[in-house]
$ cat data-v6.txt   # compact mmCIF, C-alpha atoms
# COMPACT_ATOMS: atom_id res chain seq x y z
CA MET R 1 102.11 -47.58 15.32
CA ARG R 2 98.74 -46.82 16.75
CA ILE R 3 98.11 -43.24 17.74
CA LEU R 4 94.95 -42.20 19.52
CA HIS R 5 93.51 -38.91 18.46
CA ALA R 6 90.63 -36.89 19.75
CA PHE R 7 90.94 -34.01 17.39
CA ARG R 8 88.47 -31.78 15.67
CA THR R 9 89.69 -31.12 12.22
CA GLY R 10 87.73 -30.02 9.24
CA LEU R 11 87.73 -33.60 8.05
CA CYS R 12 86.22 -34.81 11.30
CA ALA R 13 83.52 -32.18 10.97
CA VAL R 14 82.81 -33.23 7.40
CA VAL R 15 82.53 -36.90 8.34
CA LEU R 16 80.20 -36.08 11.20
CA ALA R 17 78.17 -33.80 8.98
CA LEU R 18 77.87 -36.54 6.36
CA ALA R 19 76.92 -39.08 9.00
CA ALA R 20 74.33 -36.74 10.45
CA THR R 21 72.99 -35.96 7.00
CA PHE R 22 72.67 -39.62 6.10
CA VAL R 23 70.93 -40.50 9.31
CA LEU R 24 68.75 -37.51 10.06
CA ALA R 25 67.92 -35.88 6.77
CA SER R 26 64.45 -36.56 5.57
CA PRO R 27 63.40 -37.88 3.16
CA VAL R 28 66.70 -39.45 2.14
CA TRP R 29 67.49 -42.79 3.75
CA ALA R 30 70.78 -44.48 4.49
CA HIS R 31 71.72 -48.12 4.61
CA HIS R 32 72.48 -47.87 8.31
CA SER R 33 73.49 -45.42 10.97
CA PHE R 34 77.02 -44.96 12.21
CA THR R 35 75.95 -45.61 15.79
CA MET R 36 78.32 -48.54 16.33
CA PHE R 37 81.35 -46.36 15.52
CA ASP R 38 82.77 -43.62 17.71
CA MET R 39 82.78 -40.73 15.26
CA THR R 40 84.50 -38.46 17.81
CA LYS R 41 87.60 -40.68 18.05
CA HIS R 42 90.26 -41.31 15.44
CA ILE R 43 92.87 -44.02 15.37
CA THR R 44 95.75 -44.14 12.88
CA LEU R 45 96.75 -47.54 11.54
CA ASN R 46 100.05 -47.89 9.66
CA GLY R 47 99.95 -51.38 8.29
CA THR R 48 99.84 -53.93 5.52
CA VAL R 49 96.64 -54.68 3.62
CA THR R 50 95.68 -58.35 3.71
CA SER R 51 92.63 -57.89 1.45
CA PHE R 52 90.53 -55.18 -0.16
CA GLU R 53 86.93 -56.26 -0.65
CA TRP R 54 85.14 -54.15 -3.28
CA THR R 55 81.67 -55.32 -2.26
CA ASN R 56 78.19 -54.25 -1.26
CA PRO R 57 76.68 -53.03 0.92
CA HIS R 58 80.15 -51.94 2.01
CA ALA R 59 83.75 -52.27 0.92
CA TYR R 60 86.25 -53.49 3.52
CA ILE R 61 89.96 -53.15 4.08
CA GLU R 62 91.47 -55.99 6.08
CA ILE R 63 94.77 -54.83 7.54
CA ASP R 64 97.54 -56.01 9.86
CA ALA R 65 98.96 -53.17 11.92
CA PRO R 66 101.29 -53.10 14.93
CA ASP R 67 99.89 -51.86 18.24
CA GLU R 68 101.76 -49.51 20.58
CA LYS R 69 103.85 -52.44 21.90
CA GLY R 70 104.79 -53.57 18.41
CA ALA R 71 102.54 -56.64 18.37
CA THR R 72 100.70 -57.16 15.07
CA LYS R 73 96.93 -56.89 15.32
CA HIS R 74 94.35 -57.49 12.63
CA TRP R 75 91.68 -54.92 11.88
CA SER R 76 88.52 -54.97 9.75
CA ILE R 77 87.76 -51.52 8.40
CA GLU R 78 84.41 -50.65 6.85
CA LEU R 79 84.14 -48.21 3.96
CA GLY R 80 81.17 -46.87 2.02
CA SER R 81 79.79 -48.83 -0.90
CA PRO R 82 81.65 -48.97 -4.24
CA SER R 83 79.14 -46.47 -5.64
CA ILE R 84 79.82 -43.95 -2.88
CA LEU R 85 83.57 -44.57 -3.00
CA MET R 86 83.74 -44.04 -6.76
CA GLN R 87 82.26 -40.60 -6.23
CA SER R 88 85.39 -39.76 -4.20
CA GLY R 89 88.06 -41.19 -6.49
CA TRP R 90 88.32 -44.83 -5.43
CA LYS R 91 88.59 -47.75 -7.83
CA PHE R 92 88.34 -51.47 -7.20
CA SER R 93 92.09 -51.58 -7.83
CA SER R 94 93.06 -48.61 -5.63
CA ILE R 95 94.75 -50.92 -3.14
CA LYS R 96 95.62 -54.60 -3.02
CA ALA R 97 96.93 -57.20 -0.57
CA GLY R 98 100.50 -56.42 0.45
CA ASP R 99 100.18 -52.65 0.07
CA LYS R 100 101.49 -50.52 2.93
CA VAL R 101 98.86 -47.92 3.77
CA THR R 102 97.99 -45.46 6.52
CA LEU R 103 94.35 -45.44 7.58
CA ILE R 104 92.65 -43.00 9.91
CA ILE R 105 89.55 -44.67 11.30
CA ASN R 106 86.66 -44.14 13.68
CA PRO R 107 86.88 -47.18 15.98
CA LEU R 108 84.05 -49.44 17.06
CA LYS R 109 82.58 -48.37 20.37
CA SER R 110 82.79 -52.01 21.49
CA GLY R 111 86.59 -51.76 21.64
CA GLN R 112 87.06 -54.58 19.12
CA ASN R 113 89.57 -54.19 16.31
CA GLY R 114 87.20 -52.72 13.77
CA GLY R 115 86.27 -49.30 12.53
CA PHE R 116 84.91 -47.00 9.88
CA LEU R 117 87.37 -45.42 7.48
CA SER R 118 87.92 -41.69 7.67
CA GLN R 119 90.80 -41.39 5.22
CA ALA R 120 93.41 -43.60 3.58
CA THR R 121 96.90 -42.72 2.40
CA LEU R 122 97.86 -45.07 -0.44
CA PRO R 123 101.41 -46.34 -1.18
CA ASP R 124 101.88 -43.58 -3.78
CA GLY R 125 100.96 -40.93 -1.20
CA LYS R 126 97.50 -40.27 -2.63
CA VAL R 127 94.89 -39.52 0.05
CA LEU R 128 91.34 -40.82 -0.45
CA PHE R 129 88.32 -40.16 1.72
CA ASN R 130 85.40 -42.39 2.57
CA GLY R 131 82.88 -40.75 0.25
CA PRO R 132 82.44 -37.28 -1.16
CA ARG R 133 83.63 -34.63 1.29
CA GLN R 134 81.06 -32.11 0.28
CA GLU R 135 78.51 -31.50 -2.39
CA ALA R 136 79.93 -29.72 -5.38
CA PRO R 137 78.61 -26.17 -5.75
CA PRO R 138 75.41 -26.53 -7.74
CA ALA R 139 75.17 -24.65 -11.00
CA PRO R 140 71.83 -25.70 -12.43
CA THR R 141 70.91 -24.34 -15.83
CA GLN R 142 67.62 -22.55 -15.89
CA LYS R 143 65.20 -22.60 -18.74
CA MET O 1 33.83 -31.84 -54.46
CA ASN O 2 30.59 -31.68 -52.63
CA LEU O 3 30.98 -28.79 -50.21
CA LYS O 4 28.71 -30.40 -47.65
CA ILE O 5 30.79 -33.60 -47.54
CA TYR O 6 34.01 -31.60 -47.38
CA THR O 7 32.73 -29.49 -44.49
CA ALA O 8 31.39 -32.50 -42.62
CA THR O 9 34.68 -34.35 -43.02
CA LEU O 10 36.65 -31.35 -41.84
CA LEU O 11 34.43 -30.90 -38.81
CA ALA O 12 34.62 -34.59 -37.98
CA PHE O 13 38.41 -34.57 -37.94
CA ALA O 14 38.89 -31.10 -36.52
CA PRO O 15 39.19 -32.16 -32.87
CA ALA O 16 41.82 -34.77 -33.72
CA ILE O 17 43.78 -32.34 -35.85
CA LEU O 18 43.66 -29.64 -33.20
CA ASN O 19 44.60 -32.12 -30.50
CA ALA O 20 47.58 -33.39 -32.48
CA GLN O 21 48.78 -29.84 -32.99
CA SER O 22 48.40 -28.85 -29.32
CA ALA O 23 49.83 -32.03 -27.79
CA ALA O 24 53.51 -31.20 -27.49
CA PRO O 25 55.70 -34.20 -26.72
CA PRO O 26 56.31 -34.69 -23.00
CA PRO O 27 59.68 -33.69 -21.57
CA ASP O 28 62.33 -36.38 -21.65
CA LEU O 29 63.31 -37.45 -18.14
CA THR O 30 65.83 -39.99 -19.46
CA GLY O 31 69.16 -39.79 -17.70
CA VAL O 32 70.94 -40.42 -14.44
CA TRP O 33 69.87 -38.22 -11.55
CA GLY O 34 71.83 -37.66 -8.35
CA ILE O 35 70.24 -36.67 -5.07
CA TYR O 36 70.22 -32.87 -4.86
CA ARG O 37 70.22 -31.28 -1.43
CA GLY O 38 70.88 -27.71 -2.48
CA GLY O 39 73.97 -26.45 -0.74
CA PRO O 40 75.00 -22.95 0.29
CA GLY O 41 74.46 -20.52 -2.54
CA SER O 42 72.04 -22.76 -4.38
CA ASP O 43 68.84 -21.42 -5.88
CA PRO O 44 66.08 -21.84 -3.24
CA LYS O 45 63.49 -22.75 -5.86
CA PHE O 46 65.41 -25.90 -6.74
CA ARG O 47 65.61 -27.13 -3.15
CA PRO O 48 63.00 -29.69 -2.13
CA PRO O 49 60.14 -28.10 -0.17
CA ALA O 50 59.61 -29.24 3.40
CA PRO O 51 57.61 -32.45 3.82
CA SER O 52 54.09 -32.37 5.24
CA PRO O 53 53.65 -33.74 8.76
CA LEU O 54 53.37 -37.49 9.17
CA VAL O 55 50.16 -38.09 11.12
CA LEU O 56 49.32 -41.68 11.97
CA LYS O 57 46.07 -42.92 13.44
CA PRO O 58 46.40 -43.26 17.23
CA GLU O 59 46.50 -47.05 17.25
CA TYR O 60 49.47 -46.97 14.84
CA ASP O 61 51.08 -43.85 16.22
CA LYS O 62 51.63 -45.26 19.72
CA PRO O 63 53.80 -48.24 18.72
CA TYR O 64 55.51 -46.09 16.07
CA GLN O 65 56.51 -43.47 18.63
CA GLU O 66 57.58 -46.17 21.09
CA ARG O 67 59.83 -47.68 18.46
CA ARG O 68 61.34 -44.29 17.64
CA ALA O 69 61.97 -43.66 21.35
CA ALA O 70 63.61 -47.07 21.72
CA GLU O 71 65.83 -46.37 18.70
CA SER O 72 66.79 -43.03 20.15
CA ALA O 73 67.56 -44.54 23.57
CA ALA O 74 69.66 -47.26 21.94
CA ALA O 75 71.55 -44.64 19.95
CA GLN O 76 72.28 -42.82 23.23
CA ARG O 77 73.84 -46.04 24.49
CA GLY O 78 75.82 -46.29 21.25
CA GLU O 79 73.72 -49.13 19.87
CA GLN O 80 71.68 -49.60 16.70
CA LEU O 81 68.46 -51.57 16.98
CA ALA O 82 67.75 -54.22 14.34
CA ASN O 83 66.27 -52.81 11.14
CA THR O 84 65.86 -53.81 7.52
CA GLY O 85 69.16 -52.09 6.71
CA ALA O 86 71.05 -54.69 8.74
CA GLN O 87 69.32 -57.44 6.75
CA CYS O 88 70.48 -55.81 3.53
CA ILE O 89 67.13 -56.14 1.79
CA PRO O 90 65.95 -53.56 -0.74
CA TYR O 91 63.89 -50.52 0.19
CA GLY O 92 61.01 -50.80 -2.27
CA VAL O 93 58.51 -48.06 -3.13
CA PRO O 94 58.71 -45.23 -2.28
CA THR O 95 61.88 -45.21 -0.14
CA MET O 96 64.11 -46.40 -3.01
CA MET O 97 63.64 -43.02 -4.70
CA ALA O 98 66.11 -41.47 -2.24
CA VAL O 99 68.78 -43.58 -0.55
CA ALA O 100 71.80 -41.69 0.82
CA ILE O 101 73.53 -40.17 -2.24
CA TYR O 102 72.84 -43.00 -4.68
CA PRO O 103 71.60 -41.79 -8.08
CA VAL O 104 68.57 -43.10 -9.93
CA GLU O 105 68.45 -43.73 -13.66
CA ILE O 106 65.30 -42.98 -15.65
CA ILE O 107 64.72 -44.55 -19.05
CA GLN O 108 61.70 -43.06 -20.81
CA THR O 109 59.92 -44.50 -23.82
CA PRO O 110 56.43 -43.65 -25.11
CA LYS O 111 54.89 -46.69 -23.42
CA GLN O 112 57.04 -47.22 -20.35
CA VAL O 113 59.22 -45.30 -17.92
CA THR O 114 61.75 -47.40 -16.05
CA ILE O 115 63.37 -46.13 -12.84
CA ILE O 116 66.49 -47.86 -11.55
CA SER O 117 68.05 -47.02 -8.19
CA GLU O 118 71.78 -47.58 -7.90
CA ALA O 119 71.36 -48.68 -4.28
CA PHE O 120 70.37 -52.37 -4.41
CA SER O 121 69.80 -52.07 -8.21
CA GLU O 122 66.07 -51.65 -7.55
CA VAL O 123 63.75 -51.34 -10.56
CA ARG O 124 60.35 -49.69 -10.97
CA ARG O 125 58.49 -50.20 -14.22
CA VAL O 126 55.87 -47.58 -14.93
CA TYR O 127 53.43 -48.54 -17.69
CA LEU O 128 51.99 -45.62 -19.62
CA ASP O 129 49.75 -47.57 -21.98
CA ARG O 130 47.40 -49.40 -19.66
CA PRO O 131 45.15 -48.80 -16.69
CA GLN O 132 45.89 -49.63 -13.08
CA ALA O 133 44.79 -53.06 -11.94
CA LYS O 134 42.46 -53.76 -9.06
CA LEU O 135 44.34 -54.03 -5.76
CA GLU O 136 43.19 -57.60 -5.28
CA ASP O 137 44.82 -58.56 -8.59
CA VAL O 138 48.29 -57.23 -7.69
CA ALA O 139 50.68 -59.57 -5.91
CA PRO O 140 51.99 -57.65 -2.88
CA GLY O 141 55.68 -56.87 -3.28
CA TYR O 142 58.44 -54.30 -2.94
CA TYR O 143 57.48 -52.35 -6.07
CA GLY O 144 53.82 -53.19 -6.47
CA ARG O 145 52.35 -52.15 -9.79
CA SER O 146 52.91 -48.74 -11.31
CA VAL O 147 51.07 -47.03 -14.14
CA GLY O 148 51.62 -43.48 -15.27
CA HIS O 149 50.32 -40.70 -17.46
CA TRP O 150 51.36 -37.22 -18.40
CA GLU O 151 49.56 -34.20 -16.96
CA GLY O 152 51.13 -31.44 -19.01
CA ASP O 153 54.85 -31.66 -18.31
CA THR O 154 54.40 -33.77 -15.16
CA LEU O 155 54.63 -37.54 -15.14
CA VAL O 156 52.09 -38.82 -12.63
CA VAL O 157 52.81 -42.34 -11.37
CA ASP O 158 50.25 -44.38 -9.50
CA THR O 159 51.52 -47.32 -7.43
CA ILE O 160 49.62 -49.93 -5.44
CA GLY O 161 50.45 -53.37 -4.05
CA ILE O 162 53.31 -52.61 -1.64
CA LYS O 163 53.40 -55.26 1.06
CA PRO O 164 53.41 -54.14 4.71
CA LYS O 165 56.83 -55.73 5.36
CA VAL O 166 58.42 -53.11 3.10
CA SER O 167 59.89 -50.35 5.23
CA GLY O 168 57.82 -47.19 4.89
CA TYR O 169 58.57 -43.50 4.74
CA ARG O 170 60.41 -42.54 7.96
CA GLY O 171 59.89 -46.12 9.07
CA MET O 172 56.10 -45.63 9.15
CA PRO O 173 53.92 -48.70 9.16
CA HIS O 174 51.54 -49.14 6.25
CA SER O 175 48.72 -51.39 5.20
CA PRO O 176 48.24 -53.30 1.95
CA GLN O 177 46.03 -50.37 0.91
CA MET O 178 48.89 -47.89 0.78
CA HIS O 179 48.67 -45.85 -2.41
CA VAL O 180 51.73 -43.95 -3.63
CA THR O 181 51.58 -41.13 -6.18
CA ASP O 182 54.79 -39.75 -7.68
CA ARG O 183 54.68 -36.48 -9.59
CA LEU O 184 57.90 -36.14 -11.55
CA GLY O 185 58.72 -32.87 -13.24
CA LEU O 186 61.72 -30.91 -14.50
CA LEU O 187 62.34 -27.53 -12.88
CA SER O 188 65.15 -26.94 -15.35
CA PRO O 189 67.02 -29.22 -17.76
CA GLU O 190 69.29 -30.10 -14.83
CA ILE O 191 66.89 -30.31 -11.87
CA LEU O 192 64.14 -32.88 -11.37
CA HIS O 193 61.67 -33.06 -8.50
CA ASP O 194 59.64 -36.07 -7.44
CA GLN O 195 56.73 -35.07 -5.22
CA ILE O 196 55.63 -38.22 -3.46
CA THR O 197 52.24 -38.53 -1.78
CA ILE O 198 51.38 -41.51 0.38
CA GLU O 199 47.78 -42.31 1.17
CA ASP O 200 46.78 -45.10 3.50
CA PRO O 201 43.21 -45.11 4.79
CA VAL O 202 44.09 -47.70 7.44
CA VAL O 203 47.24 -46.21 8.95
CA LEU O 204 47.37 -42.53 8.08
CA GLU O 205 45.15 -39.82 9.51
CA LYS O 206 45.82 -37.83 6.36
CA PRO O 207 48.06 -38.22 3.30
CA VAL O 208 51.72 -37.34 3.69
CA THR O 209 53.69 -35.58 0.95
CA TYR O 210 57.41 -35.10 0.56
CA THR O 211 59.67 -34.12 -2.30
CA VAL O 212 62.95 -35.58 -3.50
CA ALA O 213 65.13 -33.27 -5.59
CA TYR O 214 67.63 -34.54 -8.15
CA LYS O 215 70.39 -32.97 -10.20
CA ARG O 216 71.37 -34.46 -13.53
CA MET O 217 74.60 -36.46 -13.33
CA PRO O 218 77.29 -35.94 -15.99
CA ALA O 219 76.30 -37.50 -19.32
CA ASP O 220 79.14 -40.02 -19.15
CA TYR O 221 78.11 -41.35 -15.71
CA GLU O 222 77.74 -45.13 -15.67
CA MET O 223 75.49 -46.74 -13.06
CA VAL O 224 77.30 -48.97 -10.58
CA GLU O 225 76.05 -52.47 -9.79
CA PHE O 226 74.90 -53.28 -6.26
CA VAL O 227 74.54 -56.86 -5.11
CA CYS O 228 74.49 -57.32 -1.37
CA ASP O 229 76.90 -60.25 -1.15
CA ASN O 230 79.12 -59.11 1.72
CA ASN O 231 76.78 -57.99 4.48
CA ARG O 232 78.79 -58.14 7.66
CA GLU O 233 76.14 -56.65 9.87
CA TYR O 234 74.15 -59.02 12.01
CA VAL O 235 71.68 -58.77 14.83
CA ASP O 236 72.79 -60.22 18.17
CA GLU O 237 70.62 -61.98 20.75
CA ASN O 238 69.61 -58.63 22.23
CA GLY O 239 68.37 -57.21 18.93
CA ILE O 240 71.41 -54.98 18.48
CA VAL O 241 73.20 -54.57 15.15
CA ARG O 242 76.84 -55.73 15.29
CA LEU O 243 79.65 -55.94 12.77
CA LYS O 244 81.32 -59.25 11.93
CA LEU O 245 85.08 -58.88 12.15
CA HIS O 246 87.60 -61.03 10.35
CA ASP O 247 90.74 -62.30 12.03
CA LYS O 248 92.97 -62.20 8.97
$ encode --input "data-v6.txt" --output "structure tokens"
Amino acid sequence: MRILHAFRTGLCAVVLALAATFVLASPVWAHHSFTMFDMTKHITLNGTVTSFEWTNPHAYIEIDAPDEKGATKHWSIELGSPSILMQSGWKFSSIKAGDKVTLIINPLKSGQNGGFLSQATLPDGKVLFNGPRQEAPPAPTQK
Amino acid sequence: MNLKIYTATLLAFAPAILNAQSAAPPPDLTGVWGIYRGGPGSDPKFRPPAPSPLVLKPEYDKPYQERRAAESAAAQRGEQLANTGAQCIPYGVPTMMAVAIYPVEIIQTPKQVTIISEAFSEVRRVYLDRPQAKLEDVAPGYYGRSVGHWEGDTLVVDTIGIKPKVSGYRGMPHSPQMHVTDRLGLLSPEILHDQITIEDPVVLEKPVTYTVAYKRMPADYEMVEFVCDNNREYVDENGIVRLKLHDK
């Protein structure tokens, strides 16, 4: 089932903050901006994974999910890179083809069946995010 | 023993002996360093200081500002103009020192410091035991040629030979004469700063300086490989970055 959201949760704020940080913060540079995705919109996909590509510059989840009329549609969902994902608990084996998962995504502005992952609920109920949610409180040791 | 010979010998070697005693070994920068932004509650002295203004010569500033305006206008329309990111090619010097939240690994030996960025697995080799070459003898590339020396506890790295195609700081253009100086120093055992100064007598009105701050990653952190073998971004006929979608 596909549910359209336009909500402002803490998660949404974090994703936007991360996106803004990656794009705007000097002097740190990002691979690309998130311009092609609508970061204010969220879509929930309940579906079956057809492949999980643990690749650079981005990982992808390919997924079949029913639309609101019950017809199966295929979606390509972009994630961060393996490096970024590992910093938020992902492994190359976190999901595999055939797994039933729930993805919340920011859809492409073009309206095509693609998006940027916001969060994934794995078959065992574990929730993983698309990168670290926030920087851990720094506790540097002084000389 | 002849006192005169003894005294002369002692005097002859005195500078070397004194030097050896005063020359403490340099700090060891070896380790994996994550980008440090300094969050709420962090110590202000560990945060990177603000960068100096980027001032281009007028003939370079005009097209640079036009490009920035076009990027901004495209973003307003929800579009991303073509850039090197979409081509998935490495960043080179100095941009590779800070890409998103990818860490860098530093391996320090007495004769060479090697810096590896996790993003794109980029490598800088900094030679400590030889002088810099003449610019005309360095093949232009993404990393150019880097030599370094210690000034007290600061590792000063001198880099030349970055080709103009390599994306510059804040997307600035640069000439083959761009000269990059990194000054790497520990602020504490856990915090490292790299103060980067870019000089370019052709493009820049004055040098620009910015600082990247790092925090030491846990000792058991293992660097992740990065080979760009699944780039799904492409540039369409209008110069806009799009995403290739699969149908199964």
$ closest_atom_pairs --input "data-v6.txt" --of "chain O" --to "chain R" --cutoff "6 Å" --atoms "all atoms listed in the file" --output "tab-separated table"
residue	atom	partner	partner_atom	distance
O:Gly78	CA	R:Thr35	CA	5.5
O:Glu79	CA	R:Thr35	CA	5.8
O:Gln80	CA	R:Thr35	CA	5.9
O:Gly85	CA	R:His31	CA	5.2
O:Ala98	CA	R:Val28	CA	4.9
O:Val99	CA	R:Trp29	CA	4.6
O:Ala100	CA	R:Ala30	CA	4.7
O:Ser188	CA	R:Gln142	CA	5.1
O:Glu190	CA	R:Pro140	CA	5.6
O:Val224	CA	R:Ser83	CA	5.8
O:Val227	CA	R:Asn56	CA	5.9
O:Cys228	CA	R:Asn56	CA	4.8
O:Asn230	CA	R:Asn56	CA	5.8
O:Leu245	CA	R:Ser76	CA	5.7
$ write_last_selection --input "data-v6.txt" --atoms "C-alpha atoms" --output "short mmCIF file (atom, residue, chain, number, x, y, z; two decimals), in the frame of the given file"
data_model
loop_
_atom_site.label_atom_id
_atom_site.label_comp_id
_atom_site.auth_asym_id
_atom_site.auth_seq_id
_atom_site.Cartn_x
_atom_site.Cartn_y
_atom_site.Cartn_z
CA GLY O 78 75.82 -46.29 21.25
CA GLU O 79 73.72 -49.13 19.87
CA GLN O 80 71.68 -49.60 16.70
CA GLY O 85 69.16 -52.09 6.71
CA ALA O 98 66.11 -41.47 -2.24
CA VAL O 99 68.78 -43.58 -0.55
CA ALA O 100 71.80 -41.69 0.82
CA SER O 188 65.15 -26.94 -15.35
CA GLU O 190 69.29 -30.10 -14.83
CA VAL O 224 77.30 -48.97 -10.58
CA VAL O 227 74.54 -56.86 -5.11
CA CYS O 228 74.49 -57.32 -1.37
CA ASN O 230 79.12 -59.11 1.72
CA LEU O 245 85.08 -58.88 12.15
#
$ closest_residue --input "data-v6.txt" --among "O:Ile106, O:Leu204, O:Ile115, O:Ile89" --to "Val55 in chain O" --atoms "only C-alpha atoms"
O:Leu204
$ closest_residue --input "data-v6.txt" --among "R:Ala97, R:Asn46, R:Ile104, R:Gly89" --to "Asp67 in chain R" --atoms "all atoms listed in the file"
R:Asn46
$ residues_around --input "data-v6.txt" --residues "Leu81 in chain O" --least-positions-apart "6" --cutoff "12 Å" --atoms "all atoms listed in the file" --output "NGL selection string"
(:R and (32-36)) or (:O and (67-75 or 87 or 233-242))
$ atom_distance --input "data-v6.txt" --atom1 "CA of Val202 in chain O" --atom2 "CA of Ser175 in chain O"
6.3 Å
$ decode --input "data-v6.txt" --residues "range 58-111 of chain R" --atoms "C-alpha atoms" --output "tab-separated table (two decimals), in the first residue's frame"
chain	number	residue	atom	x	y	z
R	58	HIS	CA	25.33	4.77	-3.79
R	59	ALA	CA	23.60	1.62	-2.63
R	60	TYR	CA	20.20	0.84	-4.14
R	61	ILE	CA	17.16	-1.13	-3.09
R	62	GLU	CA	15.08	-2.40	-6.00
R	63	ILE	CA	11.60	-3.17	-4.76
R	64	ASP	CA	8.18	-4.27	-6.04
R	65	ALA	CA	5.36	-2.63	-4.14
R	66	PRO	CA	1.61	-2.43	-4.77
R	67	ASP	CA	0.12	0.98	-5.55
R	68	GLU	CA	-3.16	2.24	-4.06
R	69	LYS	CA	-5.14	0.15	-6.59
R	70	GLY	CA	-3.21	-3.00	-5.76
R	71	ALA	CA	-1.18	-3.07	-8.99
R	72	THR	CA	2.49	-3.98	-8.47
R	73	LYS	CA	4.92	-1.22	-9.37
R	74	HIS	CA	8.70	-1.35	-9.39
R	75	TRP	CA	10.75	1.28	-7.59
R	76	SER	CA	14.46	2.12	-7.54
R	77	ILE	CA	15.46	3.58	-4.19
R	78	GLU	CA	18.78	5.34	-3.67
R	79	LEU	CA	20.65	5.10	-0.38
R	80	GLY	CA	23.90	6.63	0.82
R	81	SER	CA	27.19	4.91	0.05
R	82	PRO	CA	28.23	1.73	1.91
R	83	SER	CA	30.62	3.83	3.99
R	84	ILE	CA	27.87	6.20	5.11
R	85	LEU	CA	25.41	3.35	5.65
R	86	MET	CA	27.84	1.38	7.80
R	87	GLN	CA	28.03	4.37	10.12
R	88	SER	CA	24.31	3.87	10.78
R	89	GLY	CA	24.22	0.11	11.29
R	90	TRP	CA	23.80	-1.27	7.77
R	91	LYS	CA	25.69	-4.26	6.40
R	92	PHE	CA	25.94	-5.59	2.87
R	93	SER	CA	23.75	-8.47	4.07
R	94	SER	CA	21.14	-6.39	5.90
R	95	ILE	CA	18.53	-7.24	3.28
R	96	LYS	CA	18.33	-9.58	0.31
R	97	ALA	CA	16.06	-10.35	-2.63
R	98	GLY	CA	12.73	-11.73	-1.46
R	99	ASP	CA	12.70	-9.86	1.86
R	100	LYS	CA	9.49	-8.05	2.78
R	101	VAL	CA	10.40	-4.55	3.92
R	102	THR	CA	8.76	-1.20	4.58
R	103	LEU	CA	10.57	1.81	3.15
R	104	ILE	CA	9.80	5.45	3.76
R	105	ILE	CA	11.24	7.44	0.87
R	106	ASN	CA	11.53	10.96	-0.50
R	107	PRO	CA	10.19	10.59	-4.06
R	108	LEU	CA	11.74	11.95	-7.23
R	109	LYS	CA	10.31	15.32	-8.17
R	110	SER	CA	9.88	13.99	-11.72
R	111	GLY	CA	7.07	11.71	-10.55
